[in-house]
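This report refers to the structure that appears directly beneath it.
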Amino acid sequence: MNFFTRKRSAENAKERLQLVLVHDRTDLTPAQLESLKDDLLIAISKYIEIDPEAVQIGLERDGRSQRLVADIPLRNVSRRHAG
Amino acid sequence: MTAQVITITSGKGGVGKTTAVANLATAIAADGKKVVCIDGDIGLRNLDVVMGLENRIVYDIVDVIEGRCKLKQAMIRDKHFPEMYLIPAAQTRDKNAVSPTDMIRICNDLRSDADFVIIDSPAGIERGFRNAIAAADRVIVVTNPEVSAVRDADRVVGILEAEEKGNPALILNRLNQALVRNNDMLSAEDVLDLLGIQLIGIVPEDESVIIASNRGAPVVNDPKSRAGQAFRNIARRIQGQDVPFIDLDQQSGLWGAIQKLAGRK
Ligand SMILES: Nc1ncnc2c1ncn2[C@@H]1O[C@H](COP(=O)(O)OP(=O)(O)OP(=O)(O)O)[C@@H](O)[C@H]1O
Ligand SMILES: [Mg+2]
């Protein structure tokens, strides 16, 4: 590894730990989180039109608690009704 | 007297629990308090050698539980501090020889007769760990600035939360400030941010710890040792004193950040 381009290992350690801890604490594997996202999108799509590509769902850490954070942009509905 | 029962645990093995127990007990005894240490690592007894008391053992904790001796008979008096005692672990038995109820009963018997009871937990999260935390009024988690040690510490903190054992405090042991400065070791700030618990002390990586353990004389007895100074400060904080955190690295802004983090609940 090139000394100058090498990412310092403490940063690797912190990033890896952030991920591992969130999954350990929630007892949710990355694969389960993916299928949770899919199920959520299906449920929401039953009521409103969304753009699945623009959706962002993930686990975030806040001190010792975890939260599931979803950012789900909605398609503009007024135009559809107007037409 | 009503002793406070403190358990030192970690999840991962070899991070410095036994070292911390021996040093904190010695420092608290040096401050004039009566301290009883209990080795909770049944089958892998070690606190006796770290404290230099291995030649004085007659009875152990399983002898007490099974009625072969009185509690007082299993309390080995320290060589230097007459108010410090060790209750050794059994070496030839397995951890099932002790139950959480046994630990609670023994600690309750000690409460009226000591200022502090300090329990050395075995590694892991099984029976021996459950025994060690059963009687604790306060738990201190020891970790090292490494990925696996921090991960295991987080597991233990999660279990302590689930068991409603109160907020554990953290000892970050074996911090190498030169590596931190070079960004090749997790800093104290990183570890505190990841674990989200309160800091009670940072102990530097220090070869005097190894030299002291060869001699069976805890490093707090060495006035020049930096690790010894760190353990003396933690001992004071355990006794309720407000001791500022040592600046391990005068050049960085780390110190201020740690002071801030340490104050947070
Ligand atoms: N701050 C330090 N600097 C240098 N060496 C240390 C430090 N703390 C502990 N050590 C060394 O690390 C080793 C493991 O320490 P110790 O036996 O206290 O860990 P432990 O958590 O009790 O282990 P176990 O899980 O096996 O009971 C020992 O050789 C000890 O001398
Ligand atoms: Mg040990």
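Ligands are numbered from 1 in the order shown, residues from 1 within each chain, and chains are lettered A, B, ... in the order they appear in the structure tokens.
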Mind listing the residues within 9 Å of ligand 2, only C-alpha atoms and all ligand atoms counted, as a PDB file with N, CA, C and O atoms, in the first residue's frame?
```pdb
ATOM      1  N   GLY B  13     -11.536 -11.288  26.252  1.00  0.00           N
ATOM      2  CA  GLY B  13     -10.501 -11.670  27.207  1.00  0.00           C
ATOM      3  C   GLY B  13      -9.216 -10.881  27.011  1.00  0.00           C
ATOM      4  O   GLY B  13      -8.957 -10.351  25.929  1.00  0.00           O
ATOM      5  N   GLY B  14      -8.443 -10.803  28.074  1.00  0.00           N
ATOM      6  CA  GLY B  14      -7.094 -10.261  27.984  1.00  0.00           C
ATOM      7  C   GLY B  14      -6.983  -8.754  27.811  1.00  0.00           C
ATOM      8  O   GLY B  14      -5.936  -8.253  27.428  1.00  0.00           O
ATOM      9  N   VAL B  15      -8.056  -8.018  28.099  1.00  0.00           N
ATOM     10  CA  VAL B  15      -7.995  -6.567  27.889  1.00  0.00           C
ATOM     11  C   VAL B  15      -7.488  -5.802  29.119  1.00  0.00           C
ATOM     12  O   VAL B  15      -7.187  -4.610  29.033  1.00  0.00           O
ATOM     13  N   GLY B  16      -7.422  -6.500  30.278  1.00  0.00           N
ATOM     14  CA  GLY B  16      -6.865  -5.845  31.473  1.00  0.00           C
ATOM     15  C   GLY B  16      -7.789  -5.791  32.683  1.00  0.00           C
ATOM     16  O   GLY B  16      -7.586  -4.961  33.570  1.00  0.00           O
ATOM     17  N   LYS B  17      -8.772  -6.677  32.746  1.00  0.00           N
ATOM     18  CA  LYS B  17      -9.681  -6.696  33.908  1.00  0.00           C
ATOM     19  C   LYS B  17      -8.938  -6.976  35.206  1.00  0.00           C
ATOM     20  O   LYS B  17      -9.078  -6.246  36.188  1.00  0.00           O
ATOM     21  N   THR B  18      -8.151  -8.071  35.195  1.00  0.00           N
ATOM     22  CA  THR B  18      -7.474  -8.478  36.423  1.00  0.00           C
ATOM     23  C   THR B  18      -6.461  -7.410  36.845  1.00  0.00           C
ATOM     24  O   THR B  18      -6.352  -7.065  38.029  1.00  0.00           O
ATOM     25  N   THR B  19      -5.765  -6.867  35.872  1.00  0.00           N
ATOM     26  CA  THR B  19      -4.824  -5.772  36.137  1.00  0.00           C
ATOM     27  C   THR B  19      -5.560  -4.594  36.780  1.00  0.00           C
ATOM     28  O   THR B  19      -5.083  -4.002  37.756  1.00  0.00           O
ATOM     29  N   VAL B  21      -8.453  -4.624  38.456  1.00  0.00           N
ATOM     30  CA  VAL B  21      -8.933  -4.956  39.814  1.00  0.00           C
ATOM     31  C   VAL B  21      -7.794  -4.831  40.818  1.00  0.00           C
ATOM     32  O   VAL B  21      -7.931  -4.168  41.856  1.00  0.00           O
ATOM     33  N   ASP B  39     -12.037 -12.947  43.187  1.00  0.00           N
ATOM     34  CA  ASP B  39     -11.685 -13.469  41.866  1.00  0.00           C
ATOM     35  C   ASP B  39     -12.854 -14.303  41.359  1.00  0.00           C
ATOM     36  O   ASP B  39     -13.148 -15.369  41.897  1.00  0.00           O
ATOM     37  N   GLY B  40     -13.540 -13.803  40.337  1.00  0.00           N
ATOM     38  CA  GLY B  40     -14.720 -14.488  39.805  1.00  0.00           C
ATOM     39  C   GLY B  40     -14.393 -15.425  38.659  1.00  0.00           C
ATOM     40  O   GLY B  40     -15.300 -15.984  38.044  1.00  0.00           O
ATOM     41  N   ASP B  41     -13.129 -15.589  38.374  1.00  0.00           N
ATOM     42  CA  ASP B  41     -12.727 -16.403  37.223  1.00  0.00           C
ATOM     43  C   ASP B  41     -12.444 -17.839  37.676  1.00  0.00           C
ATOM     44  O   ASP B  41     -11.287 -18.264  37.768  1.00  0.00           O
ATOM     45  N   LEU B  44      -9.796 -20.446  36.211  1.00  0.00           N
ATOM     46  CA  LEU B  44      -8.661 -19.715  35.632  1.00  0.00           C
ATOM     47  C   LEU B  44      -8.238 -18.618  36.597  1.00  0.00           C
ATOM     48  O   LEU B  44      -8.221 -17.439  36.276  1.00  0.00           O
ATOM     49  N   ARG B  45      -7.936 -19.049  37.813  1.00  0.00           N
ATOM     50  CA  ARG B  45      -7.559 -18.121  38.874  1.00  0.00           C
ATOM     51  C   ARG B  45      -6.317 -17.329  38.489  1.00  0.00           C
ATOM     52  O   ARG B  45      -5.351 -17.911  38.011  1.00  0.00           O
ATOM     53  N   ASN B  46      -6.335 -16.041  38.656  1.00  0.00           N
ATOM     54  CA  ASN B  46      -5.212 -15.190  38.261  1.00  0.00           C
ATOM     55  C   ASN B  46      -4.976 -13.990  39.144  1.00  0.00           C
ATOM     56  O   ASN B  46      -3.860 -13.494  39.247  1.00  0.00           O
ATOM     57  N   LEU B  47      -6.039 -13.514  39.788  1.00  0.00           N
ATOM     58  CA  LEU B  47      -5.897 -12.307  40.593  1.00  0.00           C
ATOM     59  C   LEU B  47      -4.872 -12.528  41.717  1.00  0.00           C
ATOM     60  O   LEU B  47      -4.141 -11.608  42.083  1.00  0.00           O
ATOM     61  N   ASP B 120     -13.570  -9.406  40.079  1.00  0.00           N
ATOM     62  CA  ASP B 120     -12.892  -9.618  38.797  1.00  0.00           C
ATOM     63  C   ASP B 120     -13.708 -10.618  37.991  1.00  0.00           C
ATOM     64  O   ASP B 120     -13.768 -11.799  38.330  1.00  0.00           O
ATOM     65  N   SER B 121     -14.353 -10.139  36.943  1.00  0.00           N
ATOM     66  CA  SER B 121     -15.201 -11.006  36.109  1.00  0.00           C
ATOM     67  C   SER B 121     -14.343 -11.802  35.125  1.00  0.00           C
ATOM     68  O   SER B 121     -13.321 -11.314  34.664  1.00  0.00           O
ATOM     69  N   PRO B 122     -14.774 -13.019  34.791  1.00  0.00           N
ATOM     70  CA  PRO B 122     -14.109 -13.707  33.687  1.00  0.00           C
ATOM     71  C   PRO B 122     -14.532 -13.082  32.359  1.00  0.00           C
ATOM     72  O   PRO B 122     -15.522 -12.347  32.298  1.00  0.00           O
ATOM     73  N   ALA B 123     -13.793 -13.384  31.289  1.00  0.00           N
ATOM     74  CA  ALA B 123     -14.190 -12.943  29.953  1.00  0.00           C
ATOM     75  C   ALA B 123     -15.476 -13.665  29.561  1.00  0.00           C
ATOM     76  O   ALA B 123     -15.865 -14.647  30.193  1.00  0.00           O
TER      77      ALA B 123
END
```
Once you count only C-alpha atoms, which residues of chain B turn out to be within 12 Å of chain A? Could you give them as an MDAnalysis selection string?
chainID B and resid 145:159 161:162 167 179:198 261 264:265
Using C-alpha atoms, can you write the selected residues to a file as a compact mmCIF listing (two decimals), in the first residue's frame?
```txt
# COMPACT_ATOMS: atom_id res chain seq x y z
CA PRO B 145 -8.86 0.67 21.45
CA GLU B 146 -9.33 -2.21 18.99
CA VAL B 147 -12.25 -3.29 16.84
CA SER B 148 -12.94 -6.67 18.48
CA ALA B 149 -12.53 -5.38 22.05
CA VAL B 150 -14.89 -2.44 21.45
CA ARG B 151 -17.44 -4.69 19.77
CA ASP B 152 -17.45 -7.11 22.71
CA ALA B 153 -17.64 -4.22 25.18
CA ASP B 154 -20.74 -3.00 23.35
CA ARG B 155 -22.36 -6.43 23.69
CA VAL B 156 -21.70 -6.38 27.42
CA VAL B 157 -23.07 -2.85 27.78
CA GLY B 158 -26.21 -4.01 25.94
CA ILE B 159 -26.67 -6.91 28.35
CA GLU B 161 -28.78 -2.28 29.97
CA ALA B 162 -31.20 -5.16 29.49
CA ASN B 167 -25.01 3.01 33.62
CA LEU B 179 -0.43 5.46 17.36
CA VAL B 180 -3.44 7.67 18.02
CA ARG B 181 -1.49 10.73 16.92
CA ASN B 182 -0.61 8.87 13.74
CA ASN B 183 -4.27 7.98 13.22
CA ASP B 184 -3.45 4.31 13.48
CA MET B 185 -5.37 3.66 16.68
CA LEU B 186 -8.93 4.48 17.71
CA SER B 187 -8.83 7.55 19.96
CA ALA B 188 -10.60 7.83 23.30
CA GLU B 189 -13.13 10.13 21.60
CA ASP B 190 -13.83 7.49 18.93
CA VAL B 191 -14.39 4.74 21.49
CA LEU B 192 -16.63 6.90 23.68
CA ASP B 193 -18.65 8.01 20.69
CA LEU B 194 -19.11 4.40 19.55
CA LEU B 195 -20.02 2.95 22.95
CA GLY B 196 -22.03 5.90 24.23
CA ILE B 197 -21.16 5.34 27.88
CA GLN B 198 -19.46 7.41 30.53
CA LEU B 261 -17.13 13.62 26.88
CA ARG B 264 -21.68 13.58 29.71
CA LYS B 265 -24.07 11.02 31.09
```
For the helix (DSSP H, G or I) assignment from backbone DSSP, which residues of stretch 136-235 of chain B qualify? Please present them as an MDAnalysis selection string.
chainID B and resid 147:162 177:181 188:195 207:215 219:221 226:235
For the selection you just gave me, I'd like the residues written to a file as a PDB file, in the first residue's frame, keeping C-alpha atoms.
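Dumped everything to result-v8.pdb:
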```pdb
ATOM      1  CA  VAL B 147     -12.249  -3.293  16.840  1.00  0.00           C
ATOM      2  CA  SER B 148     -12.943  -6.667  18.478  1.00  0.00           C
ATOM      3  CA  ALA B 149     -12.527  -5.385  22.047  1.00  0.00           C
ATOM      4  CA  VAL B 150     -14.889  -2.438  21.453  1.00  0.00           C
ATOM      5  CA  ARG B 151     -17.439  -4.695  19.769  1.00  0.00           C
ATOM      6  CA  ASP B 152     -17.447  -7.110  22.711  1.00  0.00           C
ATOM      7  CA  ALA B 153     -17.644  -4.217  25.181  1.00  0.00           C
ATOM      8  CA  ASP B 154     -20.744  -3.003  23.354  1.00  0.00           C
ATOM      9  CA  ARG B 155     -22.364  -6.430  23.690  1.00  0.00           C
ATOM     10  CA  VAL B 156     -21.697  -6.378  27.424  1.00  0.00           C
ATOM     11  CA  VAL B 157     -23.067  -2.847  27.781  1.00  0.00           C
ATOM     12  CA  GLY B 158     -26.205  -4.010  25.941  1.00  0.00           C
ATOM     13  CA  ILE B 159     -26.666  -6.913  28.353  1.00  0.00           C
ATOM     14  CA  LEU B 160     -26.123  -4.629  31.348  1.00  0.00           C
ATOM     15  CA  GLU B 161     -28.779  -2.277  29.967  1.00  0.00           C
ATOM     16  CA  ALA B 162     -31.198  -5.160  29.492  1.00  0.00           C
ATOM     17  CA  GLN B 177      -0.861   7.861  22.191  1.00  0.00           C
ATOM     18  CA  ALA B 178       1.803   7.729  19.458  1.00  0.00           C
ATOM     19  CA  LEU B 179      -0.429   5.462  17.362  1.00  0.00           C
ATOM     20  CA  VAL B 180      -3.442   7.673  18.017  1.00  0.00           C
ATOM     21  CA  ARG B 181      -1.492  10.730  16.922  1.00  0.00           C
ATOM     22  CA  ALA B 188     -10.604   7.829  23.299  1.00  0.00           C
ATOM     23  CA  GLU B 189     -13.132  10.127  21.600  1.00  0.00           C
ATOM     24  CA  ASP B 190     -13.825   7.492  18.931  1.00  0.00           C
ATOM     25  CA  VAL B 191     -14.390   4.742  21.493  1.00  0.00           C
ATOM     26  CA  LEU B 192     -16.626   6.905  23.681  1.00  0.00           C
ATOM     27  CA  ASP B 193     -18.649   8.011  20.692  1.00  0.00           C
ATOM     28  CA  LEU B 194     -19.109   4.397  19.554  1.00  0.00           C
ATOM     29  CA  LEU B 195     -20.018   2.952  22.952  1.00  0.00           C
ATOM     30  CA  GLU B 207       5.567  -1.662  30.004  1.00  0.00           C
ATOM     31  CA  SER B 208       5.741  -1.020  33.737  1.00  0.00           C
ATOM     32  CA  VAL B 209       2.442  -2.956  33.970  1.00  0.00           C
ATOM     33  CA  ILE B 210       4.175  -6.079  32.698  1.00  0.00           C
ATOM     34  CA  ILE B 211       7.199  -5.569  34.937  1.00  0.00           C
ATOM     35  CA  ALA B 212       4.915  -5.104  37.936  1.00  0.00           C
ATOM     36  CA  SER B 213       2.934  -8.245  37.094  1.00  0.00           C
ATOM     37  CA  ASN B 214       6.182 -10.252  36.970  1.00  0.00           C
ATOM     38  CA  ARG B 215       6.853  -9.142  40.528  1.00  0.00           C
ATOM     39  CA  VAL B 219       1.865  -0.852  39.243  1.00  0.00           C
ATOM     40  CA  VAL B 220       0.064   1.745  41.390  1.00  0.00           C
ATOM     41  CA  ASN B 221       2.871   1.177  43.891  1.00  0.00           C
ATOM     42  CA  ARG B 226       2.016   6.519  33.962  1.00  0.00           C
ATOM     43  CA  ALA B 227      -0.363   3.567  34.070  1.00  0.00           C
ATOM     44  CA  GLY B 228      -0.036   3.624  37.856  1.00  0.00           C
ATOM     45  CA  GLN B 229      -0.982   7.310  37.918  1.00  0.00           C
ATOM     46  CA  ALA B 230      -3.999   6.591  35.687  1.00  0.00           C
ATOM     47  CA  PHE B 231      -5.176   3.801  38.022  1.00  0.00           C
ATOM     48  CA  ARG B 232      -4.686   6.039  41.085  1.00  0.00           C
ATOM     49  CA  ASN B 233      -6.883   8.672  39.432  1.00  0.00           C
ATOM     50  CA  ILE B 234      -9.593   6.116  38.584  1.00  0.00           C
ATOM     51  CA  ALA B 235      -9.493   4.882  42.182  1.00  0.00           C
TER      52      ALA B 235
END
```
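In this model, the gap between atom CA of B:Val5 and atom CA of B:Arg111 comes to 7.9 Å.
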Determine which residues of stretch 111-252 of chain B DSSP labels as strand (DSSP E) from the backbone of this structure, then write them out as a list of chain:residue names.
B:Phe116, B:Val117, B:Ile118, B:Ile119, B:Asp120, B:Arg138, B:Val139, B:Ile140, B:Val141, B:Val142, B:Thr143, B:Ala169, B:Leu170, B:Ile171, B:Leu172, B:Asn173, B:Arg174, B:Leu175, B:Gln198, B:Leu199, B:Ile200, B:Gly201, B:Ile202, B:Val203, B:Pro204
Write the residues of the selection above to a file with C-alpha atoms, as a compact mmCIF listing (two decimals), in the first residue's frame.
```
# COMPACT_ATOMS: atom_id res chain seq x y z
CA PHE B 116 -15.50 -1.61 48.64
CA VAL B 117 -15.91 -5.09 47.22
CA ILE B 118 -14.30 -5.40 43.79
CA ILE B 119 -15.14 -8.41 41.63
CA ASP B 120 -12.89 -9.62 38.80
CA ARG B 138 -21.82 -0.55 39.79
CA VAL B 139 -20.18 -2.09 36.73
CA ILE B 140 -16.99 -0.91 35.08
CA VAL B 141 -16.31 -2.14 31.54
CA VAL B 142 -12.68 -2.40 30.43
CA THR B 143 -11.78 -2.27 26.76
CA ALA B 169 -18.47 3.30 33.26
CA LEU B 170 -15.62 2.72 30.84
CA ILE B 171 -11.90 2.16 31.39
CA LEU B 172 -10.03 2.47 28.11
CA ASN B 173 -6.84 0.46 28.68
CA ARG B 174 -3.63 0.20 26.66
CA LEU B 175 -4.06 3.41 24.71
CA GLN B 198 -19.46 7.41 30.53
CA LEU B 199 -15.65 7.43 30.82
CA ILE B 200 -14.00 6.77 34.18
CA GLY B 201 -10.42 6.62 32.98
CA ILE B 202 -7.84 6.09 30.27
CA VAL B 203 -4.82 3.90 31.02
CA PRO B 204 -1.87 4.16 28.65
```
Polymer residues at most 8 Å from A:Leu68, only C-alpha atoms, same-chain spacing of 5 or more positions, as a PDB file with N, CA and C atoms, in the first residue's frame:
```
ATOM      1  N   ILE A  57     -33.337   4.400   3.014  1.00  0.00           N
ATOM      2  CA  ILE A  57     -33.714   3.861   4.322  1.00  0.00           C
ATOM      3  C   ILE A  57     -32.468   3.267   4.962  1.00  0.00           C
ATOM      4  N   GLY A  58     -32.216   3.609   6.209  1.00  0.00           N
ATOM      5  CA  GLY A  58     -31.038   3.053   6.867  1.00  0.00           C
ATOM      6  C   GLY A  58     -31.118   3.176   8.366  1.00  0.00           C
ATOM      7  N   LEU A  59     -30.206   2.459   9.050  1.00  0.00           N
ATOM      8  CA  LEU A  59     -30.144   2.533  10.506  1.00  0.00           C
ATOM      9  C   LEU A  59     -29.164   3.618  10.900  1.00  0.00           C
ATOM     10  N   GLU A  60     -29.549   4.434  11.851  1.00  0.00           N
ATOM     11  CA  GLU A  60     -28.631   5.446  12.363  1.00  0.00           C
ATOM     12  C   GLU A  60     -28.453   5.290  13.860  1.00  0.00           C
TER      13      GLU A  60
END
```
A:Pro73 environment, 9 Å, only C-alpha atoms, sequence neighbours closer than 6 positions dropped, as JSON, numbers by chain:
{"A": [50, 51, 52, 54, 55, 56]}
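Between ligand 1 and the candidates B:Val36, B:Val49, B:Met84, B:Ala29, the tightest atom-to-atom separation, counting only C-alpha atoms and all ligand atoms, involves B:Val49.
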